[in-house]
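J.: Below are the structure tokens for one structure; questions will follow.
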Amino acid sequence: MADQTTVTAPPGIRTGSGRRRGGLASLARSAARLLGVVPFTAYVLAGLLIPTVAIVVGAFQDSAGKFTMSNVDTATHGIYLQGFRQSVELSLLSAIIPGILGLLIAYAIHTTTRATVLRRIAITASAVFANFGGVPLAFLFIASLGTTGIVTGWLKALGFDIYAGSFSLFTFTGVALAYMYFQIPLMVLVILPALEGLRPAWREAAENMGARTWHYWRYVGGPVLAPAFLGCLLLLFGSAFAAYATANAMTAGALALTPIQIGTFLNGNVLAGQENVGKALGLGMVVIIAVVMIIYTMLQRRAARWLQ
Amino acid sequence: MATVTGTEQAGRSAAAPKPALKPRAKPPVWRWVILVVAGIYFLIPLYAALRFAGIKAFPSVLHQAGFTDALTLSIRLAAITTVLTVVLMVPTVVYVHLRLPRLRRLLEAITILPIVIPPVVLIVGVLAVAPGNLKSSDTLLALEYVILAMPFAYRSIDAGLRALDLKTLVEASNSLGAGWPSTLWRVILPNLRTAMLSAVVLTIALVLGEYTMASLDLYQTFPVWIVNFEQSSGPVSVASSLLALFVTWLFLMVIATLGGRRARRTGGSEATLFSQVRRDTGSGSQPPAS
């Protein structure tokens, strides 16, 4: 491909047509430049990509190594289908409710004046609580709402025996409640930058034209914030979907959730012929989360149009 | 927020020009109500846990069977992971910023991968392909933790680099005669101190709290110990959790204050834990693994 003729630029100004100059030499130079990322690439390949490929391939292999669809079949029926369904329900629940609550809290934080201590505390607290997931969270909740929990005791003193009905911390509801504990701060953290991106000038312009609060949110703030908000919901969904530690520490594997079920394939009793079903389940999880993350990226790009 | 008197408003109001538009009724009350309610919601389980465990449980944690071993294992893994992460990520990100800016998008996409492939699934794959001698050692965990820590480390270092004018610094350093190692060590790294500290702290917090891969790989790290110990004594497990939490909180407060202070001094952006909150705009952020 010949160099496109361009207007000769004054010396010192780089033109865009430098692409093809030098041919092979410049190719070699680019290759040499890529050497710098070789260690990183090698590490990611070995530690992340190869195990993933192993899972994808293994999902379609039976115990003898031959191709089969039986793993995928098992993984999409029966208790595993129930596991997927419950995981998705749980993740939706712990994405939407914390999403809304988190937005409210984030807005409350956002409207505080910039440099106050309160703001700093609120943001740091969100960071700490968002990190809470896993083991400590499970025990915090067992201590509060377990059968001998403190809050259970308080409620009992007030006349509500929550364990009289079907509630138990070790069921779907209990786990959902626990998930909200770290999902709400997570939402606060991820939606705050988007809120900061809402320019005060827009609000003032809207008010200039007679808009009240509701009008502003309905016609300006809402539409601008919507992609970011939905994106954050997806993030929360992904975070809840992939969570293992809290549910496992709280229910010891009793609840039918996909991550827990995958865990049992590593250390539980595995039925003959079903050795690779765990990999099929893993593949399913990866597919679901990948779809979520793709939509998230698209929404983020949309949100960035106005909010940056 | 300041309000502006528009000519319309002036015309609509009475003849005498009012000094300012009637301020939007934004009572600070609802803001405080929300924050207070949220504060209570989050503090109750903490308080309940403290009551449940009882003050006596805390000192006894140190004497429990397996505590020291588990904690030592976790600390050792944290050290290995942190060193590996920093040594791997800092040069790579700096290099990409300087020499291969077009790869930045790709790099960002790669660092999202550990989120798409959750630890539960990753450990299955790892255990399937790991060579025998590595599989039976706990170093495998440390190596995999580097992958888990990658997104956070990348975010921190990338944020730190974006706050610098890297190209100018490097060119100035080169024009003064410094070679590459010198530039890296004496120019770039000191400017990345907060970012690196942030990356280190996040990595340590991650490793010390990581349960999924450790338990499925059958190693008794600190979180695994806490869960296993619940069979023997609930209060001790709760107390250990609170301790772990408190230490993490301390760490995070340290980065937050250092990061804020440094940002004010250099006028750069304040890189908080998951998001980079610039003075006037915001940018994206990312969740923790659980």
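For the structure tokens, the naming scheme is as follows: chains receive sequential letters (A, B, ...) according to their order of presentation, residues are indexed from 1 within each chain, and ligands are indexed from 1 in presentation order.
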Sort by chain and increasing residue number a table of all residues of chain A within 6 Å of chain B, each with its closest pair of atoms and their distance in Å to one decimal, counting only C-alpha atoms, and write it as CSV.
T.:
```
residue,atom,partner,partner_atom,distance
A:Val37,CA,B:Thr92,CA,5.9
A:Pro51,CA,B:Gly125,CA,4.1
A:Thr52,CA,B:Gly125,CA,5.8
A:Ala54,CA,B:Gly125,CA,5.7
A:Ile55,CA,B:Gly125,CA,5.3
A:Ala108,CA,B:Arg31,CA,4.9
A:Val128,CA,B:Trp249,CA,5.8
A:Gly133,CA,B:Ser290,CA,5.5
A:Gly134,CA,B:Ser290,CA,5.7
A:Pro136,CA,B:Ser241,CA,4.6
A:Phe139,CA,B:Val238,CA,5.5
A:Leu140,CA,B:Ala49,CA,5.4
A:Ala143,CA,B:Ala49,CA,5.0
A:Ser144,CA,B:Ala48,CA,5.2
A:Ile150,CA,B:Ala48,CA,5.4
A:Val190,CA,B:Ser285,CA,5.8
A:Pro193,CA,B:Gly282,CA,4.2
A:Glu196,CA,B:Gly282,CA,5.8
A:Gly197,CA,B:Thr281,CA,4.9
A:Asn208,CA,B:Gly6,CA,5.7
A:Ala242,CA,B:Pro118,CA,5.7
A:Ala243,CA,B:Ser290,CA,5.1
A:Ala245,CA,B:Thr212,CA,5.6
A:Gly282,CA,B:Val121,CA,5.2
A:Val286,CA,B:Ile117,CA,5.7
A:Ile289,CA,B:Val116,CA,5.6
A:Ala290,CA,B:Val116,CA,5.7
A:Gln308,CA,B:Thr281,CA,5.8
```
J.: Could you give me, as number ranges by chain, the residues within 12 Å of A:Arg302, counting only C-alpha atoms and dropping anything in the same chain fewer than 6 positions from it?
T.: A: 194, 223-231, 295-296, 308
J.: Keeping only N, CA and C atoms, write those residues as a tab-separated table (two decimals), in the first residue's frame.
T.:
```tsv
chain	number	residue	atom	x	y	z
A	194	ALA	N	-20.68	8.59	39.30
A	194	ALA	CA	-21.69	8.99	38.32
A	194	ALA	C	-22.47	10.19	38.83
A	223	PRO	N	-32.50	10.55	32.92
A	223	PRO	CA	-31.99	9.97	31.67
A	223	PRO	C	-30.47	9.92	31.62
A	224	VAL	N	-29.82	10.93	32.16
A	224	VAL	CA	-28.36	10.92	32.13
A	224	VAL	C	-27.81	9.84	33.04
A	225	LEU	N	-28.45	9.69	34.18
A	225	LEU	CA	-27.94	8.74	35.18
A	225	LEU	C	-28.32	7.31	34.86
A	226	ALA	N	-29.37	7.14	34.05
A	226	ALA	CA	-29.91	5.79	33.86
A	226	ALA	C	-28.89	4.75	33.40
A	227	PRO	N	-28.09	5.01	32.36
A	227	PRO	CA	-27.14	3.98	31.96
A	227	PRO	C	-26.16	3.61	33.07
A	228	ALA	N	-25.69	4.64	33.76
A	228	ALA	CA	-24.75	4.37	34.85
A	228	ALA	C	-25.42	3.54	35.93
A	229	PHE	N	-26.67	3.90	36.25
A	229	PHE	CA	-27.38	3.18	37.30
A	229	PHE	C	-27.58	1.72	36.91
A	230	LEU	N	-28.04	1.50	35.69
A	230	LEU	CA	-28.24	0.12	35.24
A	230	LEU	C	-26.93	-0.64	35.23
A	231	GLY	N	-25.87	0.06	34.79
A	231	GLY	CA	-24.57	-0.58	34.78
A	231	GLY	C	-24.16	-1.03	36.17
A	295	ILE	N	-22.84	-6.28	28.68
A	295	ILE	CA	-23.88	-5.26	28.74
A	295	ILE	C	-23.41	-4.10	29.62
A	296	TYR	N	-22.73	-4.44	30.71
A	296	TYR	CA	-22.21	-3.41	31.61
A	296	TYR	C	-21.27	-2.47	30.88
A	308	GLN	N	-18.76	12.45	31.96
A	308	GLN	CA	-17.31	12.63	32.15
A	308	GLN	C	-16.75	13.84	31.46
```
J.: What's the 10 Å shell around A:Leu233, counting only C-alpha atoms, without same-chain residues fewer than 3 positions away, as a list of chain:residue names?
T.: A:Ser91, A:Leu92, A:Ser94, A:Ala95, A:Ile96, A:Ile97, A:Pro98, A:Gly99, A:Ile100, A:Gln183, A:Met187, A:Val190, A:Ile191, A:Pro227, A:Ala228, A:Phe229, A:Leu230, A:Leu236, A:Phe237, A:Gly238, A:Ser239, A:Val292, A:Tyr296
J.: Those residues with C-alpha atoms, as a compact mmCIF listing (two decimals), in the first residue's frame please?
T.:
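File produced: out_2.txt:
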```
# COMPACT_ATOMS: atom_id res chain seq x y z
CA SER A 91 -28.43 -12.02 42.61
CA LEU A 92 -31.33 -10.05 41.14
CA SER A 94 -29.45 -8.39 46.02
CA ALA A 95 -28.81 -6.15 43.04
CA ILE A 96 -32.08 -4.28 42.73
CA ILE A 97 -32.94 -3.52 46.34
CA PRO A 98 -29.40 -2.54 47.36
CA GLY A 99 -29.20 -0.68 44.06
CA ILE A 100 -32.05 1.61 44.97
CA GLN A 183 -24.07 -4.86 48.22
CA MET A 187 -23.55 0.38 45.16
CA VAL A 190 -19.84 2.66 42.27
CA ILE A 191 -22.65 5.14 41.75
CA PRO A 227 -27.14 3.98 31.96
CA ALA A 228 -24.75 4.37 34.85
CA PHE A 229 -27.38 3.18 37.30
CA LEU A 230 -28.24 0.12 35.24
CA LEU A 236 -23.94 -5.81 41.77
CA PHE A 237 -25.59 -8.75 40.06
CA GLY A 238 -22.24 -10.13 38.97
CA SER A 239 -20.79 -9.63 42.41
CA VAL A 292 -23.61 -9.31 32.21
CA TYR A 296 -22.21 -3.41 31.61
```
J.: Under the rule that only C-alpha atoms are counted, which of A:Arg203, A:Leu189, A:Thr76, A:Leu137 is the nearest residue to A:Ile123?
T.: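 Of A:Arg203, A:Leu189, A:Thr76, A:Leu137, the one nearest A:Ile123 is A:Leu189, counting only C-alpha atoms.
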J.: Report the distance between atom CA of A:Thr173 and atom CA of A:Thr147 in Å, rounded to one decimal place.
T.: 14.5 Å
J.: Could you tell me how far atom CA of A:Asn276 lies from atom CA of A:Ala59, in Å and to one decimal?
T.: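 Atom CA of A:Ala59 lies 5.8 Å from atom CA of A:Asn276.
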J.: Mind checking which residues fall within 7 Å of B:Ser156, counting only C-alpha atoms, ignoring those fewer than 4 positions away in the same chain, and posting them as a list in words?
T.: Phe152, Gly160, Ala195, Ser198 and Ala199 of chain B
J.: Write out the residues from the selection above, keeping C-alpha atoms, as a tab-separated table (two decimals), in the first residue's frame.
T.:
```
chain	number	residue	atom	x	y	z
B	152	PHE	CA	-7.18	-3.84	42.01
B	160	GLY	CA	-1.58	6.88	39.94
B	195	ALA	CA	-0.77	4.12	44.22
B	198	SER	CA	-2.99	1.32	47.76
B	199	ALA	CA	-2.27	-1.71	45.57
```
J.: Enumerate as a PyMOL selection string all residues of stretch 22-152 of chain B assigned to helix (DSSP H, G or I) by DSSP on the backbone, naming them with the chain letters and numbers the document uses.
T.: chain B and resi 28-53+57-61+67-99+101-116+119-129+132-135+139-152
J.: Produce a file of the selected residues containing C-alpha atoms, as a short mmCIF file (atom, residue, chain, number, x, y, z; two decimals), in the first residue's frame.
T.:
```
data_model
loop_
_atom_site.label_atom_id
_atom_site.label_comp_id
_atom_site.auth_asym_id
_atom_site.auth_seq_id
_atom_site.Cartn_x
_atom_site.Cartn_y
_atom_site.Cartn_z
CA PRO B 28 -30.78 18.78 55.03
CA VAL B 29 -33.08 16.76 57.26
CA TRP B 30 -33.83 13.95 54.83
CA ARG B 31 -30.14 13.65 54.04
CA TRP B 32 -29.30 13.14 57.68
CA VAL B 33 -32.19 10.76 58.18
CA ILE B 34 -30.94 8.52 55.41
CA LEU B 35 -27.35 8.58 56.62
CA VAL B 36 -28.31 7.95 60.21
CA VAL B 37 -30.61 5.06 59.32
CA ALA B 38 -27.92 3.61 57.09
CA GLY B 39 -25.38 4.05 59.85
CA ILE B 40 -27.57 2.20 62.30
CA TYR B 41 -28.29 -0.58 59.84
CA PHE B 42 -24.62 -1.18 59.34
CA LEU B 43 -23.54 -0.79 62.92
CA ILE B 44 -26.11 -3.09 64.49
CA PRO B 45 -24.58 -6.35 63.29
CA LEU B 46 -21.18 -5.12 64.42
CA TYR B 47 -22.52 -4.36 67.84
CA ALA B 48 -24.42 -7.63 67.95
CA ALA B 49 -21.27 -9.50 67.04
CA LEU B 50 -19.37 -7.78 69.81
CA ARG B 51 -22.05 -8.70 72.33
CA PHE B 52 -22.24 -12.25 71.02
CA ALA B 53 -18.55 -12.87 71.22
CA ALA B 57 -13.38 -14.06 73.63
CA PHE B 58 -10.88 -11.66 72.11
CA PRO B 59 -7.74 -12.46 74.05
CA SER B 60 -8.58 -16.15 73.99
CA VAL B 61 -8.51 -16.08 70.18
CA PHE B 67 -4.78 -20.03 65.10
CA THR B 68 -1.07 -19.31 64.81
CA ASP B 69 -0.55 -21.79 62.00
CA ALA B 70 -3.47 -20.47 60.02
CA LEU B 71 -2.47 -16.85 60.53
CA THR B 72 1.14 -17.57 59.62
CA LEU B 73 0.07 -19.31 56.46
CA SER B 74 -2.15 -16.40 55.48
CA ILE B 75 0.57 -13.85 56.18
CA ARG B 76 3.10 -15.85 54.21
CA LEU B 77 0.76 -16.13 51.24
CA ALA B 78 -0.01 -12.43 51.50
CA ALA B 79 3.67 -11.55 51.40
CA ILE B 80 4.39 -13.73 48.36
CA THR B 81 1.33 -12.49 46.52
CA THR B 82 2.04 -8.83 47.23
CA VAL B 83 5.64 -9.00 46.07
CA LEU B 84 4.68 -10.88 42.92
CA THR B 85 1.82 -8.53 42.16
CA VAL B 86 3.90 -5.39 42.53
CA VAL B 87 6.85 -6.79 40.59
CA LEU B 88 4.55 -7.95 37.82
CA MET B 89 2.10 -5.08 37.58
CA VAL B 90 4.11 -1.91 38.16
CA PRO B 91 6.65 -2.35 35.35
CA THR B 92 3.97 -3.66 33.01
CA VAL B 93 1.57 -0.79 33.55
CA VAL B 94 4.34 1.80 33.36
CA TYR B 95 5.64 0.20 30.19
CA VAL B 96 2.22 0.15 28.58
CA HIS B 97 1.60 3.77 29.52
CA LEU B 98 4.87 4.81 27.99
CA ARG B 99 5.43 2.61 25.01
CA PRO B 101 -0.63 3.30 24.86
CA ARG B 102 -2.90 1.56 22.42
CA LEU B 103 -2.73 -1.60 24.49
CA ARG B 104 -4.25 0.15 27.46
CA ARG B 105 -7.76 -0.76 26.40
CA LEU B 106 -6.75 -4.39 26.02
CA LEU B 107 -5.01 -4.36 29.36
CA GLU B 108 -8.08 -2.98 31.03
CA ALA B 109 -10.18 -5.67 29.41
CA ILE B 110 -7.79 -8.36 30.62
CA THR B 111 -7.98 -7.07 34.15
CA ILE B 112 -11.75 -7.50 34.05
CA LEU B 113 -11.31 -11.20 33.33
CA PRO B 114 -10.72 -12.29 36.94
CA ILE B 115 -14.15 -10.84 37.66
CA VAL B 116 -15.81 -12.68 34.80
CA PRO B 119 -12.67 -17.66 42.07
CA VAL B 120 -14.98 -20.66 42.49
CA VAL B 121 -14.69 -21.51 38.84
CA LEU B 122 -11.04 -20.57 38.59
CA ILE B 123 -9.97 -22.97 41.29
CA VAL B 124 -11.67 -25.81 39.45
CA GLY B 125 -9.67 -25.05 36.34
CA VAL B 126 -6.45 -24.52 38.24
CA LEU B 127 -6.74 -27.81 40.06
CA ALA B 128 -7.35 -29.49 36.74
CA VAL B 129 -4.22 -28.21 35.03
CA GLY B 132 1.68 -32.22 40.41
CA ASN B 133 4.39 -30.73 42.57
CA LEU B 134 2.86 -27.28 42.42
CA LYS B 135 -0.56 -28.62 43.20
CA THR B 139 2.43 -21.59 46.78
CA LEU B 140 -0.13 -22.40 44.12
CA LEU B 141 -2.61 -20.37 46.13
CA ALA B 142 -0.24 -17.41 46.28
CA LEU B 143 0.26 -17.58 42.54
CA GLU B 144 -3.45 -17.58 41.91
CA TYR B 145 -4.03 -14.78 44.36
CA VAL B 146 -1.88 -12.61 42.12
CA ILE B 147 -4.50 -13.12 39.43
CA LEU B 148 -7.27 -12.18 41.84
CA ALA B 149 -5.40 -9.08 42.95
CA MET B 150 -4.63 -8.00 39.41
CA PRO B 151 -7.72 -5.83 38.83
CA PHE B 152 -7.18 -3.84 42.01
#
```
J.: To one decimal place in Å, what is the distance between atom CA of A:Tyr107 and atom CA of A:Gly210?
T.: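 Separating atom CA of A:Tyr107 from atom CA of A:Gly210 is a distance of 22.6 Å.
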